[in-house]
file structure36.txt (compact mmCIF, C-alpha atoms)
# COMPACT_ATOMS: atom_id res chain seq x y z
CA MET A 242 94.07 11.52 202.55
CA GLU A 243 93.68 7.84 203.39
CA ASN A 244 90.14 8.44 204.57
CA GLU A 245 89.35 10.29 201.36
CA LYS A 246 90.55 7.31 199.34
CA LYS A 247 88.53 4.91 201.45
CA ASP A 248 85.47 7.06 200.97
CA GLN A 249 86.09 7.14 197.22
CA ARG A 250 86.36 3.33 197.11
CA ARG A 251 83.19 2.93 199.13
CA ARG A 252 81.27 5.30 196.85
CA PHE A 253 82.50 3.57 193.73
CA GLU A 254 81.57 0.14 195.04
CA GLU A 255 78.07 1.44 195.67
CA ILE A 256 77.89 2.70 192.09
CA ALA A 257 79.17 -0.63 190.77
CA ARG A 258 76.51 -2.54 192.71
CA ASP A 259 73.75 -0.19 191.52
CA PHE A 260 74.69 0.05 187.88
CA THR A 261 76.24 -3.27 186.91
CA PRO A 262 72.90 -5.03 186.27
CA ARG A 263 71.52 -2.15 184.16
CA ILE A 264 74.68 -1.69 182.16
CA PHE A 265 75.05 -5.42 181.62
CA LYS A 266 71.49 -5.69 180.32
CA MET A 267 71.86 -2.72 178.02
CA ILE A 268 75.10 -4.01 176.53
CA TYR A 269 73.61 -7.47 176.12
CA ASN A 270 70.72 -5.99 174.16
CA MET A 271 73.18 -4.25 171.87
CA ILE A 272 75.72 -7.07 171.41
CA GLU A 273 73.78 -10.22 172.19
CA ASP A 274 76.80 -12.22 173.17
CA TYR A 275 76.92 -13.17 176.82
CA GLU A 276 80.70 -13.49 177.24
CA THR A 277 81.46 -10.32 175.32
CA THR A 278 78.84 -8.47 177.34
CA LYS A 279 80.56 -9.64 180.51
CA ASP A 280 83.94 -8.38 179.32
CA LEU A 281 82.58 -5.09 178.07
CA THR A 282 80.66 -4.44 181.30
CA GLN A 283 83.83 -5.04 183.23
CA ASP A 284 85.71 -2.64 180.92
CA VAL A 285 83.07 0.03 181.49
CA PHE A 286 83.62 -0.03 185.23
CA VAL A 287 87.39 -0.25 184.95
CA ASN A 288 87.29 2.84 182.73
CA ALA A 289 84.89 4.54 185.11
CA TRP A 290 87.18 3.81 188.06
CA LYS A 291 90.18 5.21 186.21
CA GLY A 292 88.31 8.47 185.69
CA PHE A 293 86.48 8.44 188.99
CA SER A 294 88.92 10.69 190.85
CA SER A 295 88.47 13.36 188.19
CA PHE A 296 84.70 12.93 188.08
CA ARG A 297 83.48 16.24 189.47
CA GLY A 298 79.80 15.50 189.52
CA ASP A 299 78.80 18.17 186.97
CA ALA A 300 77.05 15.30 185.24
CA SER A 301 75.11 12.77 187.22
CA ILE A 302 76.70 9.39 187.84
CA TYR A 303 73.89 7.89 185.77
CA THR A 304 74.58 9.85 182.57
CA TRP A 305 78.33 9.48 183.09
CA ILE A 306 78.23 5.67 183.37
CA TYR A 307 75.88 5.35 180.41
CA ARG A 308 78.11 7.49 178.28
CA ILE A 309 81.13 5.36 179.13
CA ALA A 310 79.12 2.21 178.38
CA LEU A 311 77.90 3.39 174.97
CA ASN A 312 81.39 4.52 174.02
CA ARG A 313 82.79 1.13 174.97
CA VAL A 314 80.14 -0.78 172.98
CA PHE A 315 80.61 1.33 169.87
CA GLN A 316 84.38 1.10 170.18
CA TYR A 317 84.05 -2.68 170.32
CA ARG A 318 81.70 -2.75 167.34
CA ARG A 319 83.98 -0.61 165.24
CA LYS A 320 86.86 -2.99 165.90
CA ASN A 321 84.84 -6.11 165.38
CA ALA A 322 84.11 -6.99 161.78
CA ARG A 323 80.94 -8.85 162.70
CA TRP A 324 79.40 -5.58 163.63
CA LYS A 325 79.67 -3.88 160.34
CA THR A 326 76.74 -1.51 160.47
CA ILE A 327 75.07 -0.18 157.42
CA SER A 328 75.73 3.43 156.64
CA ILE A 329 72.85 5.83 156.24
CA ASP A 330 73.69 6.20 152.54
CA ASP A 331 72.89 2.54 151.93
CA ILE A 332 69.28 3.03 152.80
CA LYS A 333 67.31 3.97 149.72
CA PRO A 334 64.05 5.79 150.29
CA THR A 335 62.47 4.15 147.22
CA GLU A 336 62.69 0.77 148.91
CA MET A 337 60.09 2.00 151.32
CA LYS A 338 57.33 1.26 148.88
CA LYS A 339 58.28 -2.41 148.69
CA ASN A 340 55.55 -4.71 149.99
CA PRO A 341 53.38 -1.81 151.06
CA GLU A 342 50.47 -4.00 151.91
CA LYS A 343 52.34 -6.45 154.05
CA ASN A 344 51.68 -6.05 157.73
CA PHE A 345 55.17 -6.38 159.07
CA PHE A 346 54.56 -4.96 162.50
CA LYS A 347 53.86 -8.26 164.03
CA GLU A 348 55.31 -9.82 167.12
CA GLU A 349 56.72 -12.66 165.03
CA ASP A 350 59.07 -10.12 163.58
CA ARG A 351 60.55 -9.46 167.00
CA ALA A 352 63.90 -11.09 166.21
CA LEU A 353 64.06 -9.23 162.92
CA ILE A 354 63.39 -5.90 164.57
CA ARG A 355 65.94 -6.65 167.26
CA ASN A 356 68.63 -7.59 164.78
CA THR A 357 67.85 -4.60 162.62
CA ILE A 358 68.22 -2.26 165.60
CA GLN A 359 71.64 -3.76 166.21
CA ASP A 360 72.59 -3.02 162.62
CA LEU A 361 71.55 0.62 162.74
CA PRO A 362 74.14 3.39 162.55
CA GLU A 363 75.51 4.31 165.99
CA ASN A 364 73.70 7.65 166.31
CA TYR A 365 70.29 6.10 165.68
CA GLN A 366 70.91 2.99 167.70
CA ALA A 367 72.04 4.98 170.72
CA VAL A 368 68.88 7.11 170.89
CA LEU A 369 66.55 4.16 170.26
CA ILE A 370 68.20 2.03 172.96
CA LEU A 371 68.27 4.88 175.47
CA ARG A 372 64.64 5.82 174.77
CA TYR A 373 62.87 2.49 174.29
CA TYR A 374 65.05 -0.02 176.16
CA GLU A 375 66.29 2.19 178.99
CA ASP A 376 63.17 4.38 179.13
CA ASN A 377 65.01 7.70 179.41
CA ASP A 378 63.42 11.07 178.71
CA TYR A 379 64.83 13.36 176.03
CA ALA A 380 66.69 15.55 178.51
CA THR A 381 68.58 12.58 179.96
CA ILE A 382 69.41 11.18 176.53
CA ALA A 383 70.67 14.62 175.52
CA LYS A 384 72.96 14.69 178.57
CA ILE A 385 74.30 11.17 178.00
CA LEU A 386 75.09 11.82 174.36
CA GLY A 387 76.06 15.45 174.79
CA ILE A 388 73.64 16.68 172.13
CA PRO A 389 70.73 19.17 172.20
CA VAL A 390 67.26 17.91 173.11
CA GLY A 391 65.97 18.83 169.64
CA THR A 392 68.59 16.59 168.08
CA VAL A 393 67.43 13.69 170.25
CA ARG A 394 63.91 14.08 168.84
CA SER A 395 64.99 14.30 165.23
CA ARG A 396 67.40 11.37 165.61
CA LEU A 397 64.62 9.29 167.09
CA HIS A 398 62.36 10.18 164.21
CA ARG A 399 65.00 9.37 161.63
CA GLY A 400 66.08 6.27 163.52
CA ILE A 401 62.57 4.86 163.49
CA SER A 402 62.12 5.71 159.81
CA THR A 403 65.42 4.04 158.94
CA LEU A 404 64.52 1.02 161.00
CA THR A 405 61.11 0.75 159.32
CA ASN A 406 62.66 0.96 155.87
CA LEU A 407 65.27 -1.68 156.69
CA ILE A 408 62.70 -4.05 158.11
CA LYS A 409 60.54 -3.66 155.01
CA GLU A 410 63.59 -4.41 152.93
CA ARG A 411 64.43 -7.54 154.87
CA ILE A 412 60.99 -9.09 154.96
CA MET B 148 57.22 16.10 151.86
CA LYS B 149 55.26 19.16 152.90
CA ASN B 150 54.56 17.49 156.22
CA ASN B 151 58.23 17.10 157.12
CA ARG B 152 58.05 19.72 159.82
CA PHE B 153 55.44 17.61 161.58
CA ASP B 154 57.55 14.42 161.54
CA ASP B 155 59.65 15.47 164.53
CA MET B 156 56.52 16.66 166.29
CA ILE B 157 54.88 13.25 165.78
CA GLN B 158 57.95 11.69 167.31
CA GLY B 159 57.77 14.00 170.29
CA TYR B 160 54.06 13.33 170.62
CA ILE B 161 54.41 9.55 170.87
CA ASP B 162 57.23 9.98 173.39
CA GLY B 163 55.15 12.41 175.44
CA GLU B 164 57.75 15.15 174.97
CA LEU B 165 55.75 17.93 173.31
CA ASN B 166 55.01 21.19 175.06
CA ILE B 167 51.41 22.40 175.20
CA ASN B 168 51.86 24.75 172.30
CA GLU B 169 53.36 22.12 169.98
CA GLU B 170 50.75 19.59 170.97
CA LYS B 171 47.99 22.07 170.08
CA ILE B 172 49.53 22.76 166.66
CA LEU B 173 50.02 19.06 165.89
CA LYS B 174 46.53 18.07 166.97
CA GLU B 175 45.06 20.81 164.82
CA HIS B 176 47.09 19.56 161.86
CA LEU B 177 46.20 15.91 162.40
CA LYS B 178 42.52 16.72 162.06
CA SER B 179 43.01 17.53 158.40
CA CYS B 180 46.10 15.44 157.40
CA LYS B 181 45.49 11.77 156.70
CA GLU B 182 49.15 11.13 155.88
CA CYS B 183 50.30 12.37 159.27
CA GLN B 184 47.57 10.37 161.00
CA LYS B 185 48.92 7.26 159.29
CA LYS B 186 52.48 8.15 160.21
CA LEU B 187 51.50 8.64 163.83
CA GLY B 188 49.79 5.26 163.98
CA GLU B 189 52.70 3.48 162.35
CA LYS B 190 55.28 5.14 164.55
CA LYS B 191 53.39 4.44 167.71
CA LYS B 192 53.15 0.81 166.78
CA ILE B 193 56.82 0.37 165.96
CA ALA B 194 57.84 2.24 169.10
CA GLU B 195 55.78 -0.20 171.13
CA LEU B 196 57.31 -3.11 169.25
CA ILE B 197 60.84 -1.88 169.85
CA LYS B 198 60.11 -1.75 173.57
CA LYS B 199 58.94 -5.35 173.44
CA THR B 200 62.12 -6.54 171.74
CA LYS B 201 64.15 -5.76 174.81
CA GLU B 202 65.40 -8.96 176.31
CA ASP B 203 65.79 -9.45 179.99
CA VAL B 204 68.86 -11.37 180.91
CA LEU B 205 70.30 -12.64 184.16
CA ILE B 206 73.59 -11.06 185.07
CA PRO B 207 76.52 -13.37 185.90
CA LYS B 208 76.63 -14.13 189.61
CA ASP B 209 80.21 -13.07 190.18
CA LEU B 210 80.24 -10.04 187.89
CA ILE B 211 79.88 -7.38 190.60
CA SER B 212 82.56 -8.94 192.79
CA THR B 213 84.88 -9.29 189.78
CA ILE B 214 84.33 -5.65 188.93
CA ILE B 215 85.13 -4.57 192.48
CA LYS B 216 88.25 -6.72 192.44
CA GLU B 217 89.34 -5.14 189.18
CA THR B 218 88.66 -1.60 190.30
CA THR B 219 88.76 -0.47 193.93
CA GLU B 220 90.71 -3.48 195.18
CA ARG B 221 93.31 -3.25 192.49
CA ARG B 222 96.29 -0.96 192.68
CA ILE B 223 96.51 1.00 189.47
CA TYR B 224 99.82 2.64 188.83
CA ARG B 225 99.03 5.42 186.53
CA ILE B 226 101.84 7.00 184.56
CA ASN B 227 101.63 10.72 184.38
CA TRP B 228 102.76 11.19 180.79
CA LYS B 229 103.13 14.91 181.28
CA TYR B 230 106.02 14.38 183.68
CA VAL B 231 107.52 11.61 181.54
CA THR B 232 107.56 13.94 178.54
CA LEU B 233 109.01 16.82 180.56
CA GLY B 234 111.69 14.55 181.97
CA ALA B 235 112.63 13.23 178.57
CA ALA B 236 112.79 16.75 177.15
CA ALA B 237 115.03 17.90 180.00
CA MET B 238 117.35 14.92 179.48
CA LEU B 239 117.52 15.60 175.77
CA ILE B 240 118.40 19.26 176.30
CA PHE B 241 121.01 18.29 178.88
CA PHE B 242 122.71 15.86 176.51
CA ILE B 243 122.60 18.30 173.61
CA ILE B 244 124.35 20.93 175.74
CA LEU B 245 126.84 18.37 177.05
CA PHE B 246 127.80 17.10 173.60
CA THR B 247 128.01 20.60 172.19
CA TYR B 248 130.69 21.37 174.78
CA LEU B 249 132.47 18.06 174.38
CA ASN B 250 132.70 18.52 170.64
CA LYS B 251 134.52 21.84 170.90
CA PRO B 252 138.16 20.93 171.47
CA GLY B 253 140.21 23.26 173.61
CA ILE B 254 137.36 24.83 175.53
CA ARG B 255 137.49 24.12 179.20
CA ILE B 256 134.86 25.23 181.63
CA THR B 257 137.09 26.87 184.16
CA LYS B 258 136.62 29.23 186.99
CA GLU B 259 138.65 31.84 185.19
CA VAL B 260 135.99 32.01 182.52
CA GLU B 261 133.25 32.38 185.09
CA LYS B 262 135.02 34.94 187.25
CA PRO B 263 137.52 36.76 185.07
CA GLU B 264 137.60 39.76 187.46
CA LEU B 265 139.62 37.79 190.01
CA LEU B 266 142.56 37.30 187.72
CA THR B 267 145.55 39.30 188.68
CA GLU B 268 146.73 39.87 185.15
CA PRO B 269 145.56 39.16 181.65
CA ARG B 270 146.31 35.69 180.44
CA ARG B 271 148.10 36.91 177.34
CA GLN B 272 150.78 38.57 179.42
CA ILE B 273 151.37 35.37 181.28
CA GLU B 274 151.80 33.44 178.06
CA LYS B 275 154.78 35.58 177.19
CA LYS B 276 156.65 34.68 180.33
CA GLU B 277 159.20 31.99 180.47
CA PRO B 278 157.77 29.00 182.24
CA ILE B 279 159.19 28.63 185.71
CA GLU B 280 161.05 25.47 186.38
CA HIS B 281 158.86 23.08 188.20
CA PRO B 282 159.36 19.42 189.00
CA TYR B 283 155.80 18.56 187.81
CA ARG B 284 155.94 20.42 184.59
CA LYS B 285 156.17 18.79 181.21
CA PRO B 286 157.10 21.77 179.09
CA GLU B 287 155.99 20.53 175.66
CA VAL B 288 152.53 19.62 176.87
CA ALA B 289 152.18 22.85 178.77
CA ILE B 290 153.11 25.01 175.81
CA ASP B 291 150.66 23.14 173.60
CA LYS B 292 147.88 23.81 176.05
CA GLU B 293 148.87 27.42 176.48
CA GLU B 294 148.68 28.02 172.76
CA LYS B 295 145.24 26.55 172.58
CA GLU B 296 144.04 28.55 175.50
CA SER B 297 145.50 31.79 174.31
CA LYS B 298 143.30 31.46 171.26
CA LYS B 299 140.13 30.69 173.14
CA GLU B 300 140.32 32.82 176.23
CA VAL B 301 140.34 36.22 174.56
CA PHE B 302 137.51 37.50 176.73
CA VAL B 303 139.58 37.48 179.89
CA SER B 304 139.62 40.89 181.55
CA LYS B 305 142.26 43.13 180.01
CA LYS B 306 142.76 45.39 183.00
CA PRO B 307 144.81 43.86 185.78
CA THR B 308 142.91 44.29 189.03
CA LYS B 309 146.04 43.91 191.15
CA PRO B 310 149.61 44.96 190.57
CA GLU B 311 151.66 42.58 188.57
CA PHE B 312 153.17 39.81 190.57
CA GLU B 313 154.63 36.46 190.13
CA GLU B 314 152.12 34.01 188.87
CA THR B 315 153.18 30.45 189.13
CA ARG B 316 151.80 27.61 187.12
CA LEU B 317 151.36 24.21 188.58
CA VAL B 318 151.47 21.80 185.71
CA PHE B 319 150.08 18.43 186.54
CA PRO B 320 151.22 15.65 184.25
CA GLU B 321 148.88 14.42 181.54
CA ASP B 322 149.28 10.80 182.56
CA GLY B 323 147.20 11.40 185.69
CA SER B 324 149.94 10.41 188.09
CA VAL B 325 149.19 13.32 190.39
CA VAL B 326 145.49 12.62 190.78
CA GLY B 327 144.95 10.61 193.90
CA GLU B 328 148.46 11.25 195.15
CA GLU B 329 149.10 13.20 198.30
CA PHE B 330 151.63 16.00 198.30
CA ASP B 331 152.17 19.41 199.80
CA VAL B 332 152.60 22.70 198.09
CA VAL B 333 154.99 24.81 200.08
CA ILE B 334 154.78 28.56 199.75
CA ILE B 335 157.64 30.63 201.05
CA LEU B 336 156.99 34.32 201.60
CA GLU B 337 159.66 36.98 201.81
CA GLU B 338 158.22 38.24 205.07
CA PRO B 339 156.06 36.46 207.64
CA GLY B 340 152.37 37.40 207.94
CA LYS B 341 149.12 36.24 209.57
CA GLU B 342 147.36 35.10 206.47
CA ILE B 343 147.74 35.05 202.75
CA ALA B 344 145.19 35.08 199.98
CA LEU B 345 145.90 33.05 196.90
CA ASN B 346 144.31 33.18 193.51
CA ILE B 347 143.97 29.55 192.53
CA ASP B 348 142.62 29.20 189.03
CA GLY B 349 140.70 32.40 189.37
CA GLU B 350 139.27 31.61 192.77
CA LYS B 351 140.34 33.47 195.89
CA LYS B 352 141.36 31.28 198.78
CA VAL B 353 142.61 32.50 202.14
CA PHE B 354 145.10 30.50 204.21
CA ASP B 355 146.25 31.02 207.77
CA THR B 356 150.04 31.24 208.00
CA LYS B 357 150.22 31.69 211.79
CA ASN B 358 152.89 34.41 211.63
CA SER B 359 155.20 32.24 209.63
CA ASN B 360 156.65 32.80 206.20
CA ILE B 361 156.14 29.19 205.21
CA LEU B 362 152.80 27.74 204.32
CA TYR B 363 152.09 24.10 203.64
CA ILE B 364 149.02 23.39 201.56
CA LYS B 365 147.91 19.81 201.41
CA SER B 366 147.02 18.65 197.95
CA ASP B 367 143.52 17.69 199.02
CA SER B 368 142.76 21.27 200.09
CA LEU B 369 143.46 22.57 196.63
CA PRO B 370 140.20 23.35 194.88
CA VAL B 371 141.16 21.64 191.66
CA LEU B 372 143.23 18.58 191.16
CA GLU B 373 142.95 17.82 187.50
CA ASN B 374 145.70 17.19 185.05
CA GLY B 375 146.79 20.22 183.13
CA ILE B 376 147.87 23.72 183.97
CA HIS B 377 146.72 25.47 187.11
CA TYR B 378 147.54 28.98 188.08
CA LEU B 379 148.50 30.23 191.49
CA SER B 380 149.29 33.78 192.42
CA LEU B 381 149.46 35.84 195.55
CA LEU B 382 146.61 38.29 196.14
CA GLU B 383 147.50 39.38 199.67
CA PRO B 384 149.81 40.60 201.12
CA VAL B 385 150.54 42.75 198.10
CA GLN B 386 154.01 43.72 197.07
CA GLN B 387 155.46 40.39 198.11
CA ALA B 388 157.01 37.71 196.04
CA ILE B 389 156.44 34.05 196.70
CA THR B 390 158.05 30.87 195.64
CA PHE B 391 156.33 27.55 195.33
CA HIS B 392 157.77 24.18 196.09
CA LYS B 393 156.35 20.80 195.87
CA GLU B 394 157.04 18.27 198.57
CA GLY B 395 155.95 14.77 197.84

call {"tool": "encode", "arguments": {"input": "structure36.txt", "output": "structure tokens"}}
result
Amino acid sequence: MENEKKDQRRRFEEIARDFTPRIFKMIYNMIEDYETTKDLTQDVFVNAWKGFSSFRGDASIYTWIYRIALNRVFQYRRKNARWKTISIDDIKPTEMKKNPEKNFFKEEDRALIRNTIQDLPENYQAVLILRYYEDNDYATIAKILGIPVGTVRSRLHRGISTLTNLIKERI
Amino acid sequence: MKNNRFDDMIQGYIDGELNINEEKILKEHLKSCKECQKKLGEKKKIAELIKKTKEDVLIPKDLISTIIKETTERRIYRINWKYVTLGAAAMLIFFIILFTYLNKPGIRITKEVEKPELLTEPRRQIEKKEPIEHPYRKPEVAIDKEEKESKKEVFVSKKPTKPEFEETRLVFPEDGSVVGEEFDVVIILEEPGKEIALNIDGEKKVFDTKNSNILYIKSDSLPVLENGIHYLSLLEPVQQAITFHKEG
């Protein structure tokens, strides 16, 4: 029993060493506040440790930790007024035609794109971050979010469209 | 709008997630659809841009060690709420039952109620008898109690299981003066015998008399020592009368 606990601690410490940098970076890219990112990363691992004894390994450690991390970030954003995201209903398709000739896909717009991603609805933000920041394939994203692979694809498509429209609006 | 079904496919294409069949269909369509060609170009570009907006950041030096301190090196006392809830429910039920009994005046949980078959005669017959003079008895209190009990204990067995014999009541005073005091109950039999069996408040108790006709029972060997009325009668040997005395 004591050995089992020791082994569990050792395994978890390994996981913490492996995943802390990745999780910290992902959360930072979603929150962009260093101190908050630190706290949230810590929370992620505290939560993971609490559930570690019941973690059966049906999911991989990777998808499990990422799911906990995304849940923690979105929970924080929902509580924090600063992170009031726009709802999908606010985005009007007619706005798309605004400034049609302007070439907005420039590197100078990097900050704008970044901020706009942070303002996206949770569902879209999650798939975009997991695909383009964390470089996951559809199957892994599907496992992390617990959705079908087809849904990942359509959310990515709609996420990019929404992002494009919002950027056009903000330029 | 007609090209909507290709939108998802374009997304899959730029992410390299289309199967051969889908890729063939999309490529065939792109040859003839300018709109989708434009969409593909635009999407590809923004996908590339999104990738570039990722910021690399140095992680705090002590973060991993802090995390380890807060997780594996920290004792977490987890409360199992299932057991807390069960415990609370059990306590609640216990108190409900307890108060239900306490709120019904006159009902005593006695051994007679639990084992009515051991009684030598029905309680109602006893009530009719004249109370036997006893130094401990306070008649007015005893009669009060008897009346109450005669009303409540109607379910006592009607058939006497043993022939009718003297049943003596030990009435302990209400003021509690007996509790904690030591005294003997002396039983004098008509004829000497090896042992006698007494019915004390519905419970059979056997005492060794050592071929004597006098038995001393210490108060602390009596099963009950509460204030109120207690009943003693002889179960064995049958056909013998006994007298009780108290010796303080």

call {"tool": "interface_residues", "arguments": {"input": "structure36.txt", "of": "chain A", "to": "chain B", "cutoff": "8 Å", "atoms": "only C-alpha atoms", "output": "number ranges by chain"}}
result
A: 250, 253-254, 257-258, 261-262, 265-266, 269-270, 279, 283, 286-287, 290, 346, 348, 351-352, 354-355, 373-374, 378-379, 394-395, 397-398, 401, 405

call {"tool": "atom_distance", "arguments": {"input": "structure36.txt", "atom1": "atom CA of Glu182 of chain B", "atom2": "atom CA of Phe153 of chain B"}}
result
10.7 Å

call {"tool": "closest_residue", "arguments": {"input": "structure36.txt", "among": "A:Arg396, A:Lys246, A:Lys409, A:Arg263", "to": "Tyr303 of chain A", "atoms": "all atoms listed in the file"}}
result
A:Arg263

call {"tool": "atom_distance", "arguments": {"input": "structure36.txt", "atom1": "atom CA of Tyr160 of chain B", "atom2": "atom CA of Ala383 of chain A"}}
result
17.4 Å

call {"tool": "atom_distance", "arguments": {"input": "structure36.txt", "atom1": "atom CA of Ser359 of chain B", "atom2": "atom CA of Asn346 of chain B"}}
result
19.5 Å

call {"tool": "residues_around", "arguments": {"input": "structure36.txt", "residues": "Thr304 of chain A", "least_positions_apart": "6", "cutoff": "8 Å", "atoms": "all atoms listed in the file", "output": "list in words"}}
result
Thr381, Lys384 and Ile385 of chain A

call {"tool": "write_last_selection", "arguments": {"input": "structure36.txt", "atoms": "C-alpha atoms", "output": "tab-separated table (two decimals), in the frame of the given file"}}
result
chain	number	residue	atom	x	y	z
A	381	THR	CA	68.58	12.58	179.96
A	384	LYS	CA	72.96	14.69	178.57
A	385	ILE	CA	74.30	11.17	178.00

call {"tool": "closest_residue", "arguments": {"input": "structure36.txt", "among": "A:Ile272, A:Ile264, A:Ala289, A:Ile408", "to": "Glu375 of chain A", "atoms": "only C-alpha atoms"}}
result
A:Ile264

call {"tool": "axis_aligned_box", "arguments": {"input": "structure36.txt", "around": "segment 406-410 of chain A", "padding_each_side": "5 Å", "output": "JSON"}}
result
{"center_x": 62.9, "center_y": -1.7, "center_z": 155.5, "size_x": 14.7, "size_y": 15.4, "size_z": 15.2}
